[in-house]
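Participant: My questions will all concern the structure given below.
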Amino acid sequence: MTLPSASGPSFLEAKGLTREFDEGHVRALRGVDFSINEGEFIAITGPSGCGKSTLLQLLGSLDRPTSGTLLYRGISVPDHPDPAAYRAREVGFIFQAFHLLPTFTAAENVQIPMFEIDRSVSERRERAFELLKLVGLEKRLDHFPSKLSGGERQRVAIARSLANGPSLLLADEPTGNLDSENAHSVLELLIRLQQEQGRTMVLVTHDPTIADRAGRILRMKDGQVVSDGKP
Amino acid sequence: MTFFTVVLRGLWRRPLRTGLTLAGISIGIAAVVALVGMSRGFEKGWQVGLKARGTDIVVRNKTGGLTPKPFDASVRDRIANLPRIAATCNLLVQVTSVEDSDLMILSGREWGGFSWSNLELISGRMPSDATEEAAVLGQTAAEILRKKVGDPIQIETKELKVVGIVKGGALVEDGSVILALSLLQGIIGSPNQINAIDVRATPGTTEQQLAELTRQIQQLAPEVRALTVAEHLSHAEGFQLIKAMSWGTSLLAILVGVLGVMNTMLMTVFERTHEICVLLAVGWRRGRVMRMILYESALLGFFGGIVGVALGAVGVKVLTATPAIRGLLQPDLSPSLLGLSIVIAVAVGIMSGLYPAWRSSRLMPSLALQNG
Ligand SMILES: Nc1ncnc2c1ncn2[C@@H]1O[C@H](COP(=O)(O)OP(=O)(O)OP(=O)(O)O)[C@@H](O)[C@H]1O
Ligand SMILES: [Mg+2]
């Protein structure tokens, strides 16, 4: 038992997190510990298969750990009383493969998470417009994902992640599917969003130049954090 | 964008499959409308027919059936003097084939009885007496048999002459070949046999008094059964059989519809694992995902119901225009039956969506979003 710090529970805290697959044959996470403060920009790097995505899924409550504790502002994430509310309000998830819904337009994709928040139809529409404007897509509101470029799709996904004003942005290789030009501008957008609004951002990347932009880098190997520090 | 938009978008995803599923439900519901509508229409037709003859009570053999077994005509003499009985008329009714028509109502009516009096001549004349070898045809029967006044008509082994075409004020009457009771008894070789007595009560008799009267008749003639017109129809085995068969066939059709929707919705859930995982990942509650699937399947049921009701109504109209059953029934396409059919369709949709909805809500969001 550690003493609570003067400022109360930390923003995100993991202790002994493990995640096993296939009845223990695959041990993707083998005891991960860290603590993250509000407003930090953290990059997670490491070789392929070391467990980065698995860890991010646990942080976003998209998956449950096999053991260990994970606290968000002192509340357990795996045993959250209302996991949907945690995902909807506290977390914005951005995936390498975008994961937009193909049968909905850009504006509609951005509105999808808003159904869990009490908002009128027109409020949802306006908020989606503002968010798409924020990511520079105010001219693509009614485009379906198949009619958008990769960079544009990721911007829509970023707008969607911001739909309910999350405090925590989780980005898993957000530029992995983009050419260098688009990768650059999407990264700048994410950093701008993180800094301007004082959000916490955890970004998984292979790219050392991207990792170097973060305030702190967690390096992983074989399901464990092997180093934690400034770039 | 409303939640309803999301639901509709789900159905639009696969227009072909949605269309085929709709077709499946529609056919099931069309079967319900057609079969139940026809059986109800059949029953109603007889009821209206009896009422048009001015009949309040029907006396017939204990065993039911559309054309019950004959009994001795002397029964009438025992009951005719009961108070509140204004008139009686002995009948021998058979549903049989007449010339080209396989299903024709042959109605032998006691000469001079009240069951003749509601017949209105369109052309020709009534038979001149009980011994004349003549028949009158209801207007629909005349059309079906393609007869006009003066034509011969073969009844069993006897050739009669069509002397008149009549309007009876009810489908059953219009679809009948009507002749004197004694003549029909002679033709089929069973003198003194009848299978129904139409009883008319004195004007002003209440339903309760009618019921009492049936009990009195029953006491005087224990070998027969006296029923008010409404009872008569709901007891008749023939009607019950038709009803049971039409609902039975309908249920089968509905079951096929259920399997169709369930299959579609299950495939939807499997195919849309990715979409459902995304919805869960961005914070949709499991209940909302379930509702989305259930609304989709309910909506499938609703649209299928509407199309099915339309199909069924058209189908019934076409069927009842075919020579085989024309004149026998006027389909009952009451709003209550159409409404019930749509309710059934929506219920089918919801039931079929329950399991797929439950399946969908069990998904872990990480499942489909594994690789980044
Ligand atoms: N659902 C699963 N079932 C079985 N094994 C899994 C599952 N998900 C991940 N793994 C395994 O867990 C390990 C960590 O996977 P993870 O996706 O977290 O790696 P990663 O660090 O994100 O790799 P990359 O950089 O290639 O994205 C890998 O060995 C992977 O095969
Ligand atoms: Mg990964």
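Each chain in the structure tokens gets a letter, A, B and so on, in the order shown; residues start at 1 in every chain, and ligands are counted from 1 in the order they appear.
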Enumerate as a VMD selection string the residues within 9 Å of ligand 1, counting only C-alpha atoms and all ligand atoms.

Facilitator: (chain A and resid 19 to 22 25 to 29 45 to 57 172 to 173 204 to 206 220 to 223) or (chain B and resid 366 to 367 370 to 372)

Participant: I'd like the neighbourhood of Met290 (chain B) as JSON, numbers by chain, where a residue qualifies if any of its atoms comes within 7 Å (using only C-alpha atoms), though same-chain residues fewer than 2 positions away should be ignored.

Facilitator: {"B": [286, 287, 288, 292, 293, 294, 357, 358, 360, 361]}

Participant: Keeping N, CA, C and O atoms for every residue in the selection just given, could you write it to a file as a short mmCIF file (atom, residue, chain, number, x, y, z; two decimals), in the first residue's frame?

Facilitator:
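selection.cif, freshly written:
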data_model
loop_
_atom_site.label_atom_id
_atom_site.label_comp_id
_atom_site.auth_asym_id
_atom_site.auth_seq_id
_atom_site.Cartn_x
_atom_site.Cartn_y
_atom_site.Cartn_z
N ARG B 286 -24.33 -1.37 -23.86
CA ARG B 286 -24.78 -2.63 -24.46
C ARG B 286 -26.28 -2.57 -24.74
O ARG B 286 -26.75 -3.08 -25.74
N GLY B 287 -27.01 -1.93 -23.84
CA GLY B 287 -28.46 -1.81 -24.03
C GLY B 287 -28.79 -1.08 -25.32
O GLY B 287 -29.75 -1.42 -26.01
N ARG B 288 -28.00 -0.08 -25.65
CA ARG B 288 -28.29 0.69 -26.86
C ARG B 288 -28.00 -0.15 -28.11
O ARG B 288 -28.75 -0.12 -29.08
N MET B 292 -30.66 -1.21 -30.88
CA MET B 292 -30.48 -0.99 -32.32
C MET B 292 -30.86 -2.25 -33.10
O MET B 292 -31.60 -2.18 -34.09
N ILE B 293 -30.35 -3.40 -32.65
CA ILE B 293 -30.64 -4.64 -33.36
C ILE B 293 -32.13 -4.98 -33.28
O ILE B 293 -32.76 -5.36 -34.27
N LEU B 294 -32.71 -4.79 -32.09
CA LEU B 294 -34.13 -5.11 -31.92
C LEU B 294 -35.02 -4.20 -32.77
O LEU B 294 -35.99 -4.64 -33.37
N ALA B 357 -29.64 -9.87 -30.75
CA ALA B 357 -29.36 -8.67 -29.95
C ALA B 357 -28.52 -9.05 -28.73
O ALA B 357 -27.54 -8.39 -28.38
N TRP B 358 -28.92 -10.14 -28.11
CA TRP B 358 -28.19 -10.58 -26.93
C TRP B 358 -26.75 -10.95 -27.32
O TRP B 358 -25.80 -10.56 -26.65
N SER B 360 -25.03 -9.78 -29.76
CA SER B 360 -24.25 -8.59 -30.10
C SER B 360 -23.77 -7.89 -28.84
O SER B 360 -22.67 -7.34 -28.81
N SER B 361 -24.58 -7.94 -27.80
CA SER B 361 -24.20 -7.17 -26.62
C SER B 361 -23.12 -7.88 -25.81
O SER B 361 -22.54 -7.32 -24.90
#

Participant: Go through region 15-174 of chain B and collect every residue that DSSP, computed from the backbone, puts in alpha helix (DSSP H); the answer should be as a ChimeraX atom specification.

Facilitator: /B:15-52,75-79,139-145,171-174

Participant: Check region 45-293 of chain B with DSSP on the backbone and list each residue it calls strand (DSSP E), as a ChimeraX atom specification.

Facilitator: /B:57-61,71-72,85-98,101-109,120-124,134-138,152-155,158-167,176-180,193-194,196-201,224-228

Participant: For a quick check of understanding, using only C-alpha atoms, which of B:Val7, B:Leu119, B:Ala221, B:Met38 has the smallest distance to chain A?

Facilitator: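 Closest to chain A, using only C-alpha atoms: B:Val7.
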
Participant: Give me, as a PyMOL selection string, the contact residues of chain A against chain B at a cut-off of 7 Å, counting only C-alpha atoms.

Facilitator: chain A and resi 53+57+62-63+84-85+87-88+95-97+99+101+103+108+113+116+121+172-173

Participant: What would the file look like if the residues just selected were written as a PDB file, in the first residue's frame with N, CA, C and O atoms?

Facilitator:
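Wrote again_16.pdb, looks like this:
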ATOM      1  N   SER A  53      -0.270  -2.263 -28.086  1.00  0.00           N
ATOM      2  CA  SER A  53      -1.708  -2.136 -28.373  1.00  0.00           C
ATOM      3  C   SER A  53      -2.541  -2.745 -27.253  1.00  0.00           C
ATOM      4  O   SER A  53      -3.568  -2.202 -26.848  1.00  0.00           O
ATOM      5  N   GLN A  57      -5.424  -0.814 -25.145  1.00  0.00           N
ATOM      6  CA  GLN A  57      -6.819  -1.305 -25.071  1.00  0.00           C
ATOM      7  C   GLN A  57      -7.279  -1.388 -23.613  1.00  0.00           C
ATOM      8  O   GLN A  57      -8.443  -1.112 -23.314  1.00  0.00           O
ATOM      9  N   LEU A  62     -11.280  -1.130 -23.499  1.00  0.00           N
ATOM     10  CA  LEU A  62     -11.789  -1.940 -24.604  1.00  0.00           C
ATOM     11  C   LEU A  62     -11.552  -3.413 -24.318  1.00  0.00           C
ATOM     12  O   LEU A  62     -12.048  -4.284 -25.019  1.00  0.00           O
ATOM     13  N   ASP A  63     -10.785  -3.664 -23.282  1.00  0.00           N
ATOM     14  CA  ASP A  63     -10.401  -5.026 -22.950  1.00  0.00           C
ATOM     15  C   ASP A  63     -10.130  -5.053 -21.446  1.00  0.00           C
ATOM     16  O   ASP A  63      -9.982  -4.003 -20.820  1.00  0.00           O
ATOM     17  N   ALA A  84     -19.262   1.918 -20.024  1.00  0.00           N
ATOM     18  CA  ALA A  84     -19.643   2.635 -21.241  1.00  0.00           C
ATOM     19  C   ALA A  84     -19.457   4.137 -21.036  1.00  0.00           C
ATOM     20  O   ALA A  84     -18.971   4.848 -21.933  1.00  0.00           O
ATOM     21  N   ALA A  85     -19.813   4.627 -19.864  1.00  0.00           N
ATOM     22  CA  ALA A  85     -19.672   6.057 -19.596  1.00  0.00           C
ATOM     23  C   ALA A  85     -18.201   6.439 -19.586  1.00  0.00           C
ATOM     24  O   ALA A  85     -17.816   7.516 -20.077  1.00  0.00           O
ATOM     25  N   ARG A  87     -15.805   4.999 -21.352  1.00  0.00           N
ATOM     26  CA  ARG A  87     -15.368   5.043 -22.747  1.00  0.00           C
ATOM     27  C   ARG A  87     -15.949   6.252 -23.465  1.00  0.00           C
ATOM     28  O   ARG A  87     -15.267   6.893 -24.270  1.00  0.00           O
ATOM     29  N   ALA A  88     -17.190   6.573 -23.161  1.00  0.00           N
ATOM     30  CA  ALA A  88     -17.853   7.645 -23.900  1.00  0.00           C
ATOM     31  C   ALA A  88     -17.342   9.024 -23.472  1.00  0.00           C
ATOM     32  O   ALA A  88     -17.124   9.894 -24.314  1.00  0.00           O
ATOM     33  N   PHE A  95      -7.375   4.981 -33.726  1.00  0.00           N
ATOM     34  CA  PHE A  95      -6.761   3.718 -34.159  1.00  0.00           C
ATOM     35  C   PHE A  95      -5.922   3.935 -35.412  1.00  0.00           C
ATOM     36  O   PHE A  95      -6.187   4.834 -36.209  1.00  0.00           O
ATOM     37  N   GLN A  96      -4.971   3.047 -35.591  1.00  0.00           N
ATOM     38  CA  GLN A  96      -4.185   3.087 -36.823  1.00  0.00           C
ATOM     39  C   GLN A  96      -5.085   2.890 -38.037  1.00  0.00           C
ATOM     40  O   GLN A  96      -4.928   3.553 -39.058  1.00  0.00           O
ATOM     41  N   ALA A  97      -6.074   1.969 -37.918  1.00  0.00           N
ATOM     42  CA  ALA A  97      -6.946   1.645 -39.058  1.00  0.00           C
ATOM     43  C   ALA A  97      -8.227   2.489 -39.068  1.00  0.00           C
ATOM     44  O   ALA A  97      -9.213   2.114 -39.695  1.00  0.00           O
ATOM     45  N   HIS A  99     -11.067   2.896 -38.189  1.00  0.00           N
ATOM     46  CA  HIS A  99     -12.305   2.313 -37.676  1.00  0.00           C
ATOM     47  C   HIS A  99     -13.479   3.271 -37.713  1.00  0.00           C
ATOM     48  O   HIS A  99     -14.207   3.439 -36.726  1.00  0.00           O
ATOM     49  N   LEU A 101     -17.234   4.089 -39.363  1.00  0.00           N
ATOM     50  CA  LEU A 101     -18.330   3.242 -39.827  1.00  0.00           C
ATOM     51  C   LEU A 101     -18.639   3.605 -41.281  1.00  0.00           C
ATOM     52  O   LEU A 101     -18.945   4.761 -41.577  1.00  0.00           O
ATOM     53  N   THR A 103     -21.047   3.131 -43.330  1.00  0.00           N
ATOM     54  CA  THR A 103     -22.380   3.533 -43.815  1.00  0.00           C
ATOM     55  C   THR A 103     -22.808   4.891 -43.276  1.00  0.00           C
ATOM     56  O   THR A 103     -23.947   5.298 -43.469  1.00  0.00           O
ATOM     57  N   GLU A 108     -21.776  12.199 -39.460  1.00  0.00           N
ATOM     58  CA  GLU A 108     -22.517  11.202 -38.676  1.00  0.00           C
ATOM     59  C   GLU A 108     -21.570  10.360 -37.821  1.00  0.00           C
ATOM     60  O   GLU A 108     -21.874  10.051 -36.670  1.00  0.00           O
ATOM     61  N   PRO A 113     -20.653   8.859 -31.023  1.00  0.00           N
ATOM     62  CA  PRO A 113     -20.455   8.748 -29.567  1.00  0.00           C
ATOM     63  C   PRO A 113     -21.383   9.659 -28.760  1.00  0.00           C
ATOM     64  O   PRO A 113     -21.551   9.469 -27.564  1.00  0.00           O
ATOM     65  N   GLU A 116     -24.689   8.811 -26.276  1.00  0.00           N
ATOM     66  CA  GLU A 116     -24.682   8.474 -24.858  1.00  0.00           C
ATOM     67  C   GLU A 116     -24.707   9.711 -23.975  1.00  0.00           C
ATOM     68  O   GLU A 116     -24.681   9.609 -22.762  1.00  0.00           O
ATOM     69  N   VAL A 121     -30.730  16.693 -31.268  1.00  0.00           N
ATOM     70  CA  VAL A 121     -30.267  16.388 -32.618  1.00  0.00           C
ATOM     71  C   VAL A 121     -29.474  17.569 -33.194  1.00  0.00           C
ATOM     72  O   VAL A 121     -28.402  17.396 -33.771  1.00  0.00           O
ATOM     73  N   ASP A 172      -3.292   4.802 -31.107  1.00  0.00           N
ATOM     74  CA  ASP A 172      -2.468   3.628 -31.404  1.00  0.00           C
ATOM     75  C   ASP A 172      -1.948   3.744 -32.833  1.00  0.00           C
ATOM     76  O   ASP A 172      -2.705   3.519 -33.772  1.00  0.00           O
ATOM     77  N   GLU A 173      -0.679   4.099 -32.975  1.00  0.00           N
ATOM     78  CA  GLU A 173      -0.084   4.292 -34.306  1.00  0.00           C
ATOM     79  C   GLU A 173      -0.986   5.141 -35.205  1.00  0.00           C
ATOM     80  O   GLU A 173      -1.338   4.713 -36.306  1.00  0.00           O
TER      81      GLU A 173
END

Participant: Can you pull out the residues contacting Leu71 (chain A)? Cut-off 8 Å, using only C-alpha atoms, and skip same-chain residues under 2 positions away; I want them as a list in words.

Facilitator: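 Answer for this query is Phe11, Leu12, Glu13, Ala14, Thr69, Arg73, Gly74, Ile75, Ser76 and Val77 of chain A.
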
Participant: Using N, CA, C and O atoms, can you export the residues from the last selection as a compact mmCIF listing (two decimals), in the first residue's frame?

Facilitator:
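Wrote result-v4.txt, looks like this:
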# COMPACT_ATOMS: atom_id res chain seq x y z
N PHE A 11 -3.61 10.56 -12.05
CA PHE A 11 -4.59 10.54 -13.13
C PHE A 11 -4.82 9.11 -13.62
O PHE A 11 -5.95 8.63 -13.68
N LEU A 12 -3.73 8.45 -13.97
CA LEU A 12 -3.82 7.05 -14.42
C LEU A 12 -2.71 6.30 -13.71
O LEU A 12 -1.57 6.74 -13.70
N GLU A 13 -3.07 5.16 -13.16
CA GLU A 13 -2.05 4.41 -12.43
C GLU A 13 -2.24 2.92 -12.68
O GLU A 13 -3.33 2.38 -12.51
N ALA A 14 -1.13 2.28 -13.14
CA ALA A 14 -1.18 0.84 -13.38
C ALA A 14 -0.23 0.15 -12.43
O ALA A 14 0.87 0.63 -12.18
N THR A 69 -3.90 -3.93 -11.20
CA THR A 69 -4.89 -2.86 -11.02
C THR A 69 -4.60 -1.74 -11.99
O THR A 69 -3.46 -1.48 -12.37
N ARG A 73 -8.16 8.25 -12.04
CA ARG A 73 -8.55 9.16 -10.94
C ARG A 73 -9.01 8.37 -9.72
O ARG A 73 -10.02 8.69 -9.08
N GLY A 74 -8.30 7.29 -9.44
CA GLY A 74 -8.60 6.51 -8.24
C GLY A 74 -9.70 5.48 -8.41
O GLY A 74 -9.99 4.71 -7.50
N ILE A 75 -10.34 5.45 -9.59
CA ILE A 75 -11.43 4.47 -9.82
C ILE A 75 -10.90 3.35 -10.71
O ILE A 75 -10.22 3.61 -11.71
N SER A 76 -11.23 2.11 -10.35
CA SER A 76 -10.75 0.98 -11.15
C SER A 76 -11.38 1.02 -12.54
O SER A 76 -12.60 1.12 -12.69
N VAL A 77 -10.54 0.93 -13.56
CA VAL A 77 -11.07 0.92 -14.93
C VAL A 77 -11.72 -0.43 -15.27
O VAL A 77 -12.85 -0.47 -15.75

Participant: Determine, counting only C-alpha atoms, which protein, DNA and RNA residues have an atom within 12 Å of an atom of Trp116 (chain B); residues of the same chain fewer than 6 positions away are not included. Present the result as a list in words.

Facilitator: Leu50, Ala52, Arg53, Gly54, Thr55, Thr88, Cys89, Asn90, Leu91, Ser107, Gly108, Arg109, Glu110, Met126, Pro127, Val136, Gly138, Val166, Lys167, Gly168, Glu173, Ile178, Leu179, Ala180, Leu181 and Asp198 of chain B

Participant: Grab the CA of Thr157 (chain B) to CA of Arg60 (chain B) distance for me, in Å with one decimal place.

Facilitator: 26.4 Å

Participant: Rounded to one decimal place, report the CA of Glu231 (chain B)-CA of Val33 (chain B) distance in Å.

Facilitator: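 The value is 24.2 Å.
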
Participant: Which of these residues is nearest to Leu259 (chain B), using only C-alpha atoms: B:Glu133, B:Asp77, B:Val348, B:Arg359?

Facilitator: B:Val348

Participant: Write out, as a tab-separated table, each residue of region 32-137 of chain B that has an atom at most 12 Å from region 253-257 of chain B, together with the closest pair of atoms and their distance in Å to one decimal, counting only C-alpha atoms, rows going by chain and rising number.

Facilitator:
residue	atom	partner	partner_atom	distance
B:Val32	CA	B:Ala253	CA	7.7
B:Val33	CA	B:Ala253	CA	11.1
B:Ala34	CA	B:Ala253	CA	11.7
B:Leu35	CA	B:Ala253	CA	10.9

Participant: Skipping near chain neighbours, those fewer than 5 positions away, what residues fall within 10 Å of Lys69 (chain B) using only C-alpha atoms, listed as number ranges by chain?

Facilitator: B: 60-64, 92-94, 193-196

Participant: Please indicate the distance in Å from CA of Leu11 (chain B) to CA of Phe303 (chain B), rounded to one decimal place.

Facilitator: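 Result for CA of Leu11 (chain B) versus CA of Phe303 (chain B): 11.4 Å, one decimal.
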
Participant: Choose the residue, out of A:Leu190, A:Ala171, A:Val135, A:Ile36, that has the smallest atom-to-atom separation from ligand 2; count only C-alpha atoms and all ligand atoms.

Facilitator: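 Among the listed residues, the smallest separation from ligand 2 belongs to A:Ala171.
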
Participant: Quick one: contact table of region 170-278 of chain B to region 141-146 of chain B, 12 Å max, nearest atom pair and distance in Å to one decimal per residue, counting only C-alpha atoms, chain and number order, as a Markdown table?

Facilitator:
| residue | atom | partner | partner_atom | distance |
| --- | --- | --- | --- | --- |
| B:Leu171 | CA | B:Ala141 | CA | 9.9 |
| B:Val172 | CA | B:Ala141 | CA | 9.5 |
| B:Glu173 | CA | B:Ala141 | CA | 9.0 |
| B:Asp174 | CA | B:Ala141 | CA | 6.3 |
| B:Gly175 | CA | B:Ala141 | CA | 4.5 |
| B:Ser176 | CA | B:Ala141 | CA | 5.8 |
| B:Val177 | CA | B:Ala141 | CA | 6.7 |
| B:Ile178 | CA | B:Ala141 | CA | 9.9 |
